[in-house]
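Asks: Quick one, run_1.cif (mmCIF, C-alpha atoms and all ligand atoms):
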```cif
data_entry
loop_
_atom_site.label_atom_id
_atom_site.label_comp_id
_atom_site.auth_asym_id
_atom_site.auth_seq_id
_atom_site.Cartn_x
_atom_site.Cartn_y
_atom_site.Cartn_z
CA MET A 2 165.55 67.43 69.10
CA GLU A 3 166.21 65.07 72.00
CA THR A 4 169.79 65.65 73.07
CA HIS A 5 169.85 64.37 76.59
CA LYS A 6 170.70 60.85 77.50
CA GLN A 7 168.73 58.24 79.37
CA LEU A 8 170.18 57.81 82.83
CA THR A 9 170.36 54.45 84.55
CA ILE A 10 171.40 54.88 88.14
CA GLY A 11 173.22 52.67 90.58
CA LEU A 12 172.54 54.07 94.05
CA PHE A 13 174.84 53.55 97.03
CA GLY A 14 173.12 54.15 100.36
CA PHE A 15 169.47 54.10 101.40
CA GLY A 16 169.54 56.27 104.50
CA VAL A 17 167.97 59.69 104.97
CA VAL A 18 169.23 60.99 101.61
CA GLY A 19 169.10 57.74 99.59
CA GLU A 20 165.50 57.02 100.46
CA GLY A 21 164.63 60.68 99.88
CA LEU A 22 166.11 60.46 96.39
CA TYR A 23 164.24 57.24 95.65
CA LYS A 24 160.92 58.95 96.48
CA VAL A 25 161.81 62.19 94.68
CA LEU A 26 162.74 60.29 91.49
CA GLN A 27 159.41 58.48 91.56
CA GLN A 28 157.73 61.87 91.51
CA THR A 29 159.76 63.22 88.58
CA PRO A 30 159.24 60.77 85.68
CA SER A 31 160.04 63.53 83.19
CA LEU A 32 163.68 63.26 84.20
CA LYS A 33 164.06 59.91 82.41
CA ALA A 34 166.28 58.63 85.18
CA SER A 35 165.65 55.31 86.86
CA ILE A 36 167.36 53.43 89.65
CA LYS A 37 168.45 49.98 88.53
CA LYS A 38 170.07 48.76 91.72
CA ILE A 39 170.69 50.00 95.26
CA CYS A 40 173.73 48.86 97.23
CA ILE A 41 173.34 48.81 101.01
CA LYS A 42 175.46 47.62 103.93
CA ASN A 43 172.91 45.50 105.83
CA TYR A 44 170.31 43.38 104.17
CA GLY A 45 168.43 42.92 107.46
CA LYS A 46 166.62 46.28 107.71
CA LYS A 47 163.10 46.72 106.40
CA ARG A 48 163.06 49.24 103.52
CA ASN A 49 160.39 51.13 101.66
CA ALA A 50 161.32 49.84 98.21
CA PRO A 51 161.07 46.49 96.40
CA ALA A 52 163.53 43.93 97.79
CA SER A 53 164.69 43.06 94.26
CA LEU A 54 166.33 46.49 93.96
CA PHE A 55 168.79 45.85 96.79
CA THR A 56 172.16 44.17 96.89
CA THR A 57 175.13 44.23 99.24
CA ASP A 58 177.59 43.55 96.42
CA ARG A 59 179.04 46.84 95.19
CA GLU A 60 180.52 45.20 92.07
CA GLU A 61 177.02 44.47 90.84
CA LEU A 62 176.58 48.22 90.36
CA LEU A 63 180.11 49.21 89.47
CA ASN A 64 180.46 46.56 86.75
CA ASP A 65 176.98 46.85 85.28
CA ARG A 66 177.35 48.27 81.76
CA ASP A 67 173.76 49.55 81.72
CA ILE A 68 174.40 51.75 84.73
CA ASN A 69 175.85 55.03 83.50
CA VAL A 70 175.48 57.06 86.71
CA ILE A 71 176.56 56.15 90.21
CA VAL A 72 174.89 58.14 92.98
CA GLU A 73 176.75 57.76 96.24
CA VAL A 74 175.13 58.96 99.47
CA ILE A 75 176.77 56.81 102.16
CA ASP A 76 178.45 58.18 105.26
CA ASP A 77 181.66 56.14 105.31
CA ALA A 78 184.18 58.44 103.65
CA ASP A 79 186.76 55.74 102.84
CA ALA A 80 184.22 53.39 101.30
CA ALA A 81 182.73 56.35 99.41
CA PHE A 82 186.13 57.24 97.94
CA ALA A 83 186.71 53.66 96.78
CA ILE A 84 183.26 53.57 95.15
CA VAL A 85 183.60 56.97 93.46
CA SER A 86 187.12 56.23 92.15
CA THR A 87 186.11 52.87 90.71
CA ALA A 88 182.95 54.31 89.18
CA LEU A 89 184.88 57.08 87.40
CA LYS A 90 187.53 54.62 86.19
CA ASN A 91 184.76 52.36 84.91
CA GLY A 92 183.48 55.22 82.74
CA LYS A 93 180.49 56.23 84.85
CA ASP A 94 179.48 59.72 85.89
CA VAL A 95 179.09 60.20 89.61
CA VAL A 96 176.91 62.25 91.93
CA SER A 97 178.03 62.32 95.55
CA ALA A 98 176.86 63.94 98.78
CA SER A 99 179.85 62.82 100.88
CA LYS A 100 181.40 66.04 102.09
CA LYS A 101 184.03 64.35 104.25
CA MET A 102 185.17 62.19 101.35
CA ILE A 103 185.36 65.13 98.97
CA ALA A 104 187.20 67.32 101.47
CA GLU A 105 189.76 64.64 102.26
CA HIS A 106 190.36 63.47 98.69
CA LEU A 107 189.83 66.51 96.50
CA PRO A 108 193.28 66.44 94.78
CA ALA A 109 192.83 62.76 93.88
CA LEU A 110 189.26 63.40 92.71
CA LEU A 111 190.49 66.26 90.52
CA SER A 112 193.05 63.96 88.88
CA LEU A 113 190.51 61.20 88.40
CA GLN A 114 188.11 63.57 86.66
CA GLU A 115 190.89 64.74 84.35
CA GLU A 116 192.13 61.22 83.59
CA THR A 117 188.74 59.66 82.97
CA GLY A 118 186.94 62.65 81.44
CA ARG A 119 183.91 61.69 83.51
CA SER A 120 181.87 64.10 85.60
CA LEU A 121 181.71 64.18 89.40
CA LEU A 122 179.01 66.47 90.79
CA TYR A 123 178.34 67.16 94.48
CA GLU A 124 175.98 70.08 94.92
CA ALA A 125 174.24 68.23 97.78
CA ALA A 126 177.47 68.03 99.75
CA ALA A 127 177.37 71.70 100.79
CA CYS A 128 174.31 73.66 101.91
CA ALA A 129 172.03 70.85 100.64
CA SER A 130 169.21 72.58 98.76
CA ILE A 131 171.09 75.82 98.00
CA PRO A 132 172.80 75.75 94.58
CA VAL A 133 175.98 77.28 95.88
CA ILE A 134 178.63 75.29 94.01
CA ARG A 135 177.20 75.81 90.56
CA ASN A 136 176.74 79.50 91.29
CA LEU A 137 180.33 79.92 92.46
CA GLU A 138 181.55 77.96 89.48
CA GLU A 139 179.42 79.53 86.75
CA TYR A 140 178.08 82.87 87.85
CA TYR A 141 181.11 84.15 89.75
CA ASP A 142 183.51 83.20 87.00
CA ASN A 143 185.75 86.17 87.70
CA ASP A 144 188.03 87.42 90.42
CA LEU A 145 185.59 89.93 91.85
CA LEU A 146 184.52 87.77 94.77
CA HIS A 147 185.42 89.82 97.84
CA SER A 148 184.02 87.55 100.51
CA ILE A 149 181.72 84.68 101.34
CA LYS A 150 180.17 84.31 104.74
CA ALA A 151 177.98 81.32 105.33
CA ILE A 152 176.16 78.98 107.65
CA VAL A 153 176.93 75.58 106.16
CA ASN A 154 175.93 73.16 108.92
CA GLY A 155 172.24 72.65 109.59
CA SER A 156 172.55 70.69 112.83
CA THR A 157 174.61 73.23 114.73
CA ASN A 158 172.39 76.02 113.47
CA TYR A 159 169.37 74.03 114.62
CA ILE A 160 170.93 73.50 118.05
CA LEU A 161 171.88 77.16 118.47
CA THR A 162 168.41 78.29 117.37
CA LYS A 163 166.71 75.98 119.86
CA ILE A 164 169.01 77.13 122.67
CA PHE A 165 168.56 80.83 121.89
CA ASP A 166 164.93 81.01 120.81
CA GLU A 167 163.32 78.22 122.81
CA GLY A 168 165.61 77.83 125.80
CA LEU A 169 166.33 74.15 125.14
CA ASP A 170 169.55 72.79 126.55
CA PHE A 171 172.32 71.58 124.29
CA LYS A 172 171.59 67.85 124.70
CA GLN A 173 167.85 68.13 124.04
CA ALA A 174 168.52 70.22 120.95
CA LEU A 175 171.08 67.76 119.63
CA ILE A 176 168.73 64.82 120.14
CA GLN A 177 166.07 66.64 118.12
CA ALA A 178 168.56 67.35 115.33
CA GLN A 179 169.41 63.65 115.27
CA GLN A 180 165.77 62.55 115.27
CA LEU A 181 164.98 64.85 112.38
CA GLY A 182 167.79 63.33 110.30
CA PHE A 183 169.94 66.48 110.20
CA ALA A 184 172.93 65.26 112.21
CA GLU A 185 175.73 63.00 111.00
CA SER A 186 175.73 59.40 112.32
CA ASN A 187 178.62 60.63 114.44
CA PRO A 188 177.25 64.01 115.60
CA THR A 189 180.69 65.08 116.86
CA LEU A 190 181.38 65.88 113.20
CA ASP A 191 178.64 68.51 113.31
CA VAL A 192 179.12 69.82 116.84
CA GLU A 193 182.90 70.19 116.69
CA GLY A 194 182.92 71.90 113.30
CA TYR A 195 184.40 69.09 111.18
CA ASP A 196 181.41 68.91 108.86
CA ALA A 197 181.41 72.66 108.32
CA VAL A 198 185.13 72.86 107.62
CA ASN A 199 184.91 69.88 105.26
CA LYS A 200 182.28 71.72 103.24
CA TRP A 201 184.32 74.92 103.39
CA THR A 202 187.37 73.27 101.79
CA PHE A 203 185.68 72.54 98.50
CA LEU A 204 183.59 75.69 98.51
CA LEU A 205 186.93 77.49 98.69
CA THR A 206 188.04 75.55 95.63
CA HIS A 207 185.01 76.67 93.64
CA ALA A 208 185.16 80.23 94.96
CA TYR A 209 188.90 80.92 94.91
CA GLY A 210 190.73 77.93 93.41
CA ILE A 211 192.16 77.08 96.84
CA THR A 212 192.75 73.38 97.46
CA ALA A 213 193.43 73.14 101.18
CA ALA A 214 193.02 70.13 103.43
CA PRO A 215 190.52 70.64 106.28
CA ASP A 216 193.29 70.85 108.88
CA GLU A 217 194.89 73.79 107.05
CA ILE A 218 191.85 75.90 107.86
CA LEU A 219 191.32 77.48 111.28
CA PHE A 220 188.12 76.00 112.68
CA ASN A 221 186.14 75.10 115.74
CA GLY A 222 182.56 74.06 116.43
CA ILE A 223 179.99 75.06 119.02
CA GLN A 224 181.07 72.64 121.74
CA HIS A 225 182.73 75.27 123.90
CA ILE A 226 179.97 77.88 123.79
CA HIS A 227 178.99 78.59 127.39
CA ALA A 228 175.51 79.51 128.69
CA ALA A 229 177.01 82.83 129.85
CA ASP A 230 178.11 83.57 126.25
CA ALA A 231 174.51 83.27 125.15
CA ALA A 232 173.55 85.73 127.88
CA VAL A 233 176.15 88.23 126.62
CA ALA A 234 174.82 87.80 123.08
CA ARG A 235 171.26 88.47 124.24
CA GLU A 236 172.40 91.59 126.06
CA LYS A 237 174.08 92.85 122.87
CA LYS A 238 170.96 91.89 120.89
CA GLN A 239 173.06 89.56 118.77
CA ALA A 240 172.96 85.86 117.97
CA ILE A 241 175.79 83.33 117.99
CA LYS A 242 176.15 81.27 114.82
CA LEU A 243 178.74 78.88 113.47
CA VAL A 244 180.02 80.94 110.55
CA ALA A 245 182.29 79.89 107.72
CA GLN A 246 184.03 82.89 106.22
CA ALA A 247 186.45 83.64 103.44
CA GLN A 248 187.64 87.10 102.64
CA LYS A 249 190.05 88.51 100.13
CA LEU A 250 192.73 90.62 101.79
CA ASN A 251 194.61 93.65 100.51
CA ASN A 252 197.58 91.39 99.81
CA GLY A 253 195.46 89.50 97.24
CA GLN A 254 195.37 86.35 99.35
CA VAL A 255 192.37 84.88 101.11
CA ALA A 256 191.68 84.50 104.83
CA ALA A 257 189.43 81.53 105.61
CA PHE A 258 188.07 80.15 108.85
CA VAL A 259 185.07 78.44 110.44
CA LEU A 260 184.35 79.64 113.98
CA PRO A 261 181.43 80.64 116.18
CA GLN A 262 180.68 84.28 115.59
CA PHE A 263 178.42 86.98 117.00
CA VAL A 264 175.92 88.02 114.37
CA ARG A 265 174.08 91.35 114.46
CA GLN A 266 170.33 91.44 114.08
CA ASP A 267 170.53 93.16 110.72
CA ASP A 268 173.00 90.63 109.28
CA HIS A 269 171.42 88.33 106.70
CA LEU A 270 172.76 85.34 108.59
CA ALA A 271 170.72 86.32 111.67
CA PHE A 272 167.69 85.40 109.61
CA VAL A 273 168.96 81.84 109.12
CA LYS A 274 167.36 79.60 111.73
CA ASN A 275 167.01 75.91 112.49
CA GLU A 276 168.34 73.58 109.80
CA TYR A 277 168.43 76.33 107.21
CA ASN A 278 171.74 77.41 105.72
CA GLY A 279 172.61 80.79 104.27
CA VAL A 280 175.37 82.22 102.13
CA VAL A 281 176.19 85.91 101.82
CA ILE A 282 178.41 86.75 98.88
CA GLU A 283 180.03 90.12 98.40
CA SER A 284 181.40 90.79 94.99
CA GLY A 285 182.57 93.74 92.98
CA PHE A 286 179.77 96.00 91.67
CA SER A 287 176.89 93.86 92.97
CA ASP A 288 177.39 94.45 96.70
CA LYS A 289 175.77 91.70 98.82
CA GLN A 290 173.77 88.73 97.65
CA PHE A 291 172.08 86.30 99.98
CA PHE A 292 171.31 82.63 99.25
CA TYR A 293 169.02 80.86 101.66
CA GLY A 294 167.53 77.38 101.92
CA LYS A 295 167.35 74.15 103.84
CA GLY A 296 170.82 72.83 104.56
CA ALA A 297 169.99 69.36 105.83
CA GLY A 298 167.27 66.75 105.74
CA SER A 299 166.01 64.12 103.36
CA PHE A 300 164.17 65.96 100.58
CA PRO A 301 166.23 69.18 100.55
CA THR A 302 169.41 67.13 100.12
CA ALA A 303 167.76 64.80 97.61
CA SER A 304 166.65 67.84 95.61
CA ALA A 305 170.28 68.85 95.07
CA VAL A 306 171.20 65.28 94.08
CA LEU A 307 168.29 65.34 91.66
CA SER A 308 169.52 68.57 90.12
CA ASP A 309 172.98 67.06 89.61
CA ILE A 310 171.44 64.00 87.98
CA ALA A 311 169.46 66.30 85.68
CA ALA A 312 172.65 68.20 84.82
CA LEU A 313 174.34 64.96 83.77
CA ARG A 314 171.80 64.57 80.98
CA TYR A 315 173.59 67.47 79.34
CA GLN A 316 177.09 66.19 80.19
CA TYR A 317 177.60 68.98 82.71
CA LYS A 318 180.98 69.01 84.47
CA TYR A 319 182.60 71.33 86.94
CA GLU A 320 185.42 73.07 85.13
CA TYR A 321 187.06 74.25 88.38
CA LYS A 322 187.49 77.56 86.63
CA LYS A 323 189.18 79.35 89.54
CA LEU A 324 191.76 76.59 89.72
CA TYR A 325 192.47 75.98 86.06
CA HIS A 326 191.43 79.15 84.21
CA HIS A 327 192.27 81.87 86.71
CA ARG A 328 195.25 82.29 88.96
CA PRO A 329 194.32 80.30 92.11
CA HIS A 330 194.37 82.28 95.35
CA GLN A 331 196.55 81.41 98.33
CA LEU A 332 195.42 81.14 101.93
CA SER A 333 196.79 83.88 104.13
CA GLN A 334 197.51 84.18 107.83
CA ALA A 335 198.41 87.87 107.57
CA LEU A 336 195.46 89.22 109.51
CA TYR A 337 194.09 89.80 112.98
CA LEU A 338 190.78 88.85 114.49
CA ARG A 339 188.69 90.68 117.05
CA VAL A 340 187.56 87.96 119.46
CA PHE A 341 185.40 87.49 122.52
CA VAL A 342 186.90 85.01 124.98
CA SER A 343 185.10 83.75 128.08
CA PHE A 344 186.85 81.72 130.77
CA ASP A 345 186.76 80.59 134.39
CA ASP A 346 190.26 81.62 135.42
CA ILE A 347 192.31 84.49 134.00
CA ALA A 348 195.52 82.62 134.85
CA LEU A 349 194.75 80.28 131.96
CA ILE A 350 194.52 83.07 129.38
CA PRO A 351 197.82 84.27 127.85
CA ARG A 352 196.95 87.98 127.89
CA GLU A 353 200.34 88.94 126.51
CA ARG A 354 199.57 87.18 123.24
CA PHE A 355 196.80 89.62 122.38
CA GLU A 356 197.70 92.67 120.32
CA TRP A 357 195.46 94.69 122.59
CA ILE A 358 192.45 94.13 124.81
CA GLU A 359 189.41 96.36 124.46
CA GLU A 360 187.07 95.09 127.17
CA TRP A 361 187.50 93.29 130.47
CA HIS A 362 184.65 91.80 132.46
CA ALA A 363 186.28 90.16 135.42
CA GLN A 364 183.63 90.55 138.12
CA GLU A 365 181.22 87.82 137.13
CA GLU A 366 181.73 84.17 137.88
CA ARG A 367 182.20 83.61 134.16
CA LYS A 368 184.71 86.21 133.02
CA TYR A 369 185.29 87.51 129.53
CA LEU A 370 187.33 89.86 127.44
CA VAL A 371 187.21 91.30 123.96
CA GLY A 372 190.55 91.70 122.25
CA VAL A 373 192.48 91.60 119.01
CA ILE A 374 194.73 88.65 118.29
CA ALA A 375 196.85 87.48 115.37
CA PHE A 376 195.20 84.85 113.20
CA ALA A 377 198.41 82.80 113.33
CA GLU A 378 198.29 82.77 117.14
CA LEU A 379 194.97 80.94 116.99
CA LYS A 380 196.00 78.72 114.10
CA ASN A 381 199.17 77.55 115.80
CA ASN A 382 198.00 77.20 119.41
CA THR A 383 195.28 75.40 121.30
CA TRP A 384 194.92 77.28 124.62
CA TRP A 385 191.71 78.88 123.39
CA ARG A 386 190.00 75.48 123.06
CA GLU A 387 191.14 74.18 126.43
CA ASN A 388 190.19 74.54 130.12
CA ASN A 389 186.58 75.43 129.47
CA THR A 390 187.63 78.49 127.45
CA SER A 391 185.23 79.72 124.79
CA LEU A 392 186.30 81.84 121.83
CA ILE A 393 183.73 83.56 119.64
CA LEU A 394 184.51 86.01 116.87
CA THR A 395 182.92 89.42 117.14
CA ALA A 396 180.70 90.64 114.31
CA ASP A 397 183.02 91.86 111.50
CA PRO A 398 186.08 90.21 113.04
CA VAL A 399 188.70 90.65 110.31
CA ILE A 400 191.35 93.32 110.78
CA GLU A 401 193.97 93.64 108.10
CA GLU A 402 197.63 94.06 108.98
CA VAL A 403 197.77 97.66 107.75
CA GLU A 404 194.87 98.64 109.99
CA THR A 405 196.32 97.25 113.19
CA ARG A 406 198.90 99.93 113.93
CA LYS A 407 196.34 102.69 113.68
CA LEU A 408 193.76 100.80 115.70
CA LYS A 409 196.24 99.77 118.33
CA LYS A 410 197.32 103.36 118.88
CA LYS A 411 193.70 104.45 119.14
CA SER A 412 192.86 101.77 121.66
CA LEU A 413 195.88 102.67 123.81
CA GLU A 414 194.86 106.32 123.67
CA LEU A 415 191.35 105.42 124.75
CA ALA A 416 192.79 103.43 127.62
CA GLY A 417 194.85 106.50 128.62
CA ILE A 418 198.14 104.65 128.14
CA VAL A 419 199.67 107.01 125.54
N1 LIG B 501 174.92 66.96 109.22
C1 LIG B 501 174.83 67.87 108.13
C2 LIG B 501 174.31 69.20 108.63
C3 LIG B 501 173.93 67.32 107.07
O1 LIG B 501 173.76 69.23 109.73
O2 LIG B 501 174.46 70.19 107.96
C4 LIG B 501 173.92 68.10 105.79
O3 LIG B 501 175.19 68.14 105.20
#
```
Please go through the file and, once you have read it, give me the structure as structure tokens.
Ligand code: HSE

Replies:
Amino acid sequence: METHKQLTIGLFGFGVVGEGLYKVLQQTPSLKASIKKICIKNYGKKRNAPASLFTTDREELLNDRDINVIVEVIDDADAAFAIVSTALKNGKDVVSASKKMIAEHLPALLSLQEETGRSLLYEAAACASIPVIRNLEEYYDNDLLHSIKAIVNGSTNYILTKIFDEGLDFKQALIQAQQLGFAESNPTLDVEGYDAVNKWTFLLTHAYGITAAPDEILFNGIQHIHAADAAVAREKKQAIKLVAQAQKLNNGQVAAFVLPQFVRQDDHLAFVKNEYNGVVIESGFSDKQFFYGKGAGSFPTASAVLSDIAALRYQYKYEYKKLYHHRPHQLSQALYLRVFVSFDDIALIPRERFEWIEEWHAQEERKYLVGVIAFAELKNNTWWRENNTSLILTADPVIEEVETRKLKKKSLELAGIV
């Protein structure tokens, strides 16, 4: 019995991902999905597809009754939101890869899905080829998820790999990431952590039912990492990665952040190099699971779009189970983080704001310390991003409130203070 429907696609965007999808669809005729029209911004460019497919008039796609699926892979978040909203209201299902748009408009997109009954899928928007959203949504349909730790931005991981493993400098590595089609058109979004935190917002929704705006989450990128930090990492036989983390606390709430972090050699994430992404999930009874795959680039991203398109044949929808069927979790600031901070001048570091300091290295030209600091101190202040200061989380950085008193006493004893 043939239960799945024929899909006629209106495609927005013919950049790295759009063109990748066009080619991938040509190689998968069994999918019974065909592109009827492609909407682009500039007619001028030469494209590897018949000219008759292209238009610059978005209404041609949005008002075409034959088109039952809109695939949107453009990089202008506002335009993407307008397209996706209209498509849903016009009764079309939508597949999107616009992480910024989804992160900034998730509450509105949730309402639109409820009102219209249409499906909006966006597996390609986080970790590209890794099926992380559907796994969080379907497989982890319970409240046993203890933590998720992930590398969700391919460009910064590529840059860090090239710096660490091949000795490239930051600029050379970034140019390569751009040439390979991994970076955003505005690479600041990658480098300064915006892209990663955008992805983390909706992954938190599927993992924990949290609907937070990107600026509610503590984040930074790799722009402040200093060459001397890399030297410290090498000495410790660790790597530095941009890590997105969410962890359930004893109080039942969830701590979430996206920050550079030292990663031990035996950590699964140490294995994740170049544009690859990785996700380590810890859940009750199963211990750790590791998902790994390409997190950026034309075909890996197109493959996730393709999978969403395939899922639409069976009317698949996200149910947002953690939001609607379980009790959603709250974000918490009730924790402490063990951090490495390197700096040029100690006068610029508010030492008194640390709970305690475990290591001082003040002899070198580039000085650093390792200490424990309240999460809220970092969330509510900016000194640690200013004056050429670099803050990197240590491996296993989370310290719960209940642990701090004991640890503080121990560290003071070790220092001979009590
Ligand atoms: N610029 C993004 C990244 C593309 O590097 O991860 C994939 O979302």

Asks: Please tabulate, as a Markdown table, the residues of chain A that come within 6 Å of ligand LIG 501 (chain B), each with its closest pair of atoms and the distance in Å to one decimal, counting only C-alpha atoms and all ligand atoms and ordering rows by chain, then residue number upward.

Replies:
```
| residue | atom | partner | partner_atom | distance |
| --- | --- | --- | --- | --- |
| A:Ala126 | CA | B:LIG501 | O3 | 5.9 |
| A:Asn154 | CA | B:LIG501 | O2 | 3.5 |
| A:Gly155 | CA | B:LIG501 | O2 | 3.7 |
| A:Ser156 | CA | B:LIG501 | O1 | 3.6 |
| A:Phe183 | CA | B:LIG501 | O1 | 4.7 |
| A:Ala184 | CA | B:LIG501 | N1 | 4.0 |
| A:Glu185 | CA | B:LIG501 | N1 | 4.4 |
| A:Asp191 | CA | B:LIG501 | N1 | 5.7 |
| A:Gly296 | CA | B:LIG501 | O2 | 5.6 |
| A:Ala297 | CA | B:LIG501 | C4 | 4.1 |
```

Asks: I'd like the neighbourhood of Ala363 of chain A as a list in words, where a residue qualifies if any of its atoms comes within 12 Å (using only C-alpha atoms), though same-chain residues fewer than 3 positions away should be ignored.

Replies: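 In the requested format, the answer is Val342, Ser343, Phe344, Asp345, Asp346, Ile347, Ala348, Glu360, Glu366, Arg367, Lys368, Tyr369, Leu370 and Val371 of chain A.
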
Asks: Do you know which residues are at most 9 Å from Asp397 of chain A counting all atoms listed in the file, after dropping those on the same chain fewer than 2 positions away, and could you put them as a PyMOL selection string?

Replies: chain A and resi 262-264+338-339+394-395+399-400

Asks: With C-alpha atoms retained, export the selected residues as an mmCIF file, in the coordinates of the input.

Replies:
```
data_model
loop_
_atom_site.group_PDB
_atom_site.id
_atom_site.type_symbol
_atom_site.label_atom_id
_atom_site.label_comp_id
_atom_site.auth_asym_id
_atom_site.auth_seq_id
_atom_site.Cartn_x
_atom_site.Cartn_y
_atom_site.Cartn_z
ATOM 1 C CA GLN A 262 180.680 84.280 115.590
ATOM 2 C CA PHE A 263 178.420 86.980 117.000
ATOM 3 C CA VAL A 264 175.920 88.020 114.370
ATOM 4 C CA LEU A 338 190.780 88.850 114.490
ATOM 5 C CA ARG A 339 188.690 90.680 117.050
ATOM 6 C CA LEU A 394 184.510 86.010 116.870
ATOM 7 C CA THR A 395 182.920 89.420 117.140
ATOM 8 C CA VAL A 399 188.700 90.650 110.310
ATOM 9 C CA ILE A 400 191.350 93.320 110.780
#
```

Asks: Got a sec: who's within 10 Å of Thr206 of chain A, counting only C-alpha atoms, leaving out chain neighbours fewer than 5 positions off, as JSON, numbers by chain?

Replies: {"A": [107, 134, 137, 138, 201, 211, 212, 213, 321, 322, 323, 324, 329, 330]}

Asks: To one decimal place, how far is atom CA of Val255 of chain A from atom CA of Gln334 of chain A in Å?

Replies: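 That distance, rounded to one decimal, is 8.5 Å.
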
Asks: Taking 6 positions as the minimum chain separation for residues in the same chain, which residues sit within 8 Å of Ala88 of chain A when counting all atoms listed in the file? Answer as a PDB file with C-alpha atoms, in the frame of the given file.

Replies:
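Result went into around_3.pdb, see below:
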```pdb
ATOM      1  CA  LEU A  63     180.110  49.210  89.470  1.00  0.00           C
ATOM      2  CA  ILE A  71     176.560  56.150  90.210  1.00  0.00           C
ATOM      3  CA  ASP A  94     179.480  59.720  85.890  1.00  0.00           C
ATOM      4  CA  VAL A  95     179.090  60.200  89.610  1.00  0.00           C
TER       5      VAL A  95
END
```

Asks: To one decimal in Å, tell me the separation between atom CA of Ile36 of chain A and atom CA of Val70 of chain A.

Replies: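 Those two atoms sit 9.4 Å apart.
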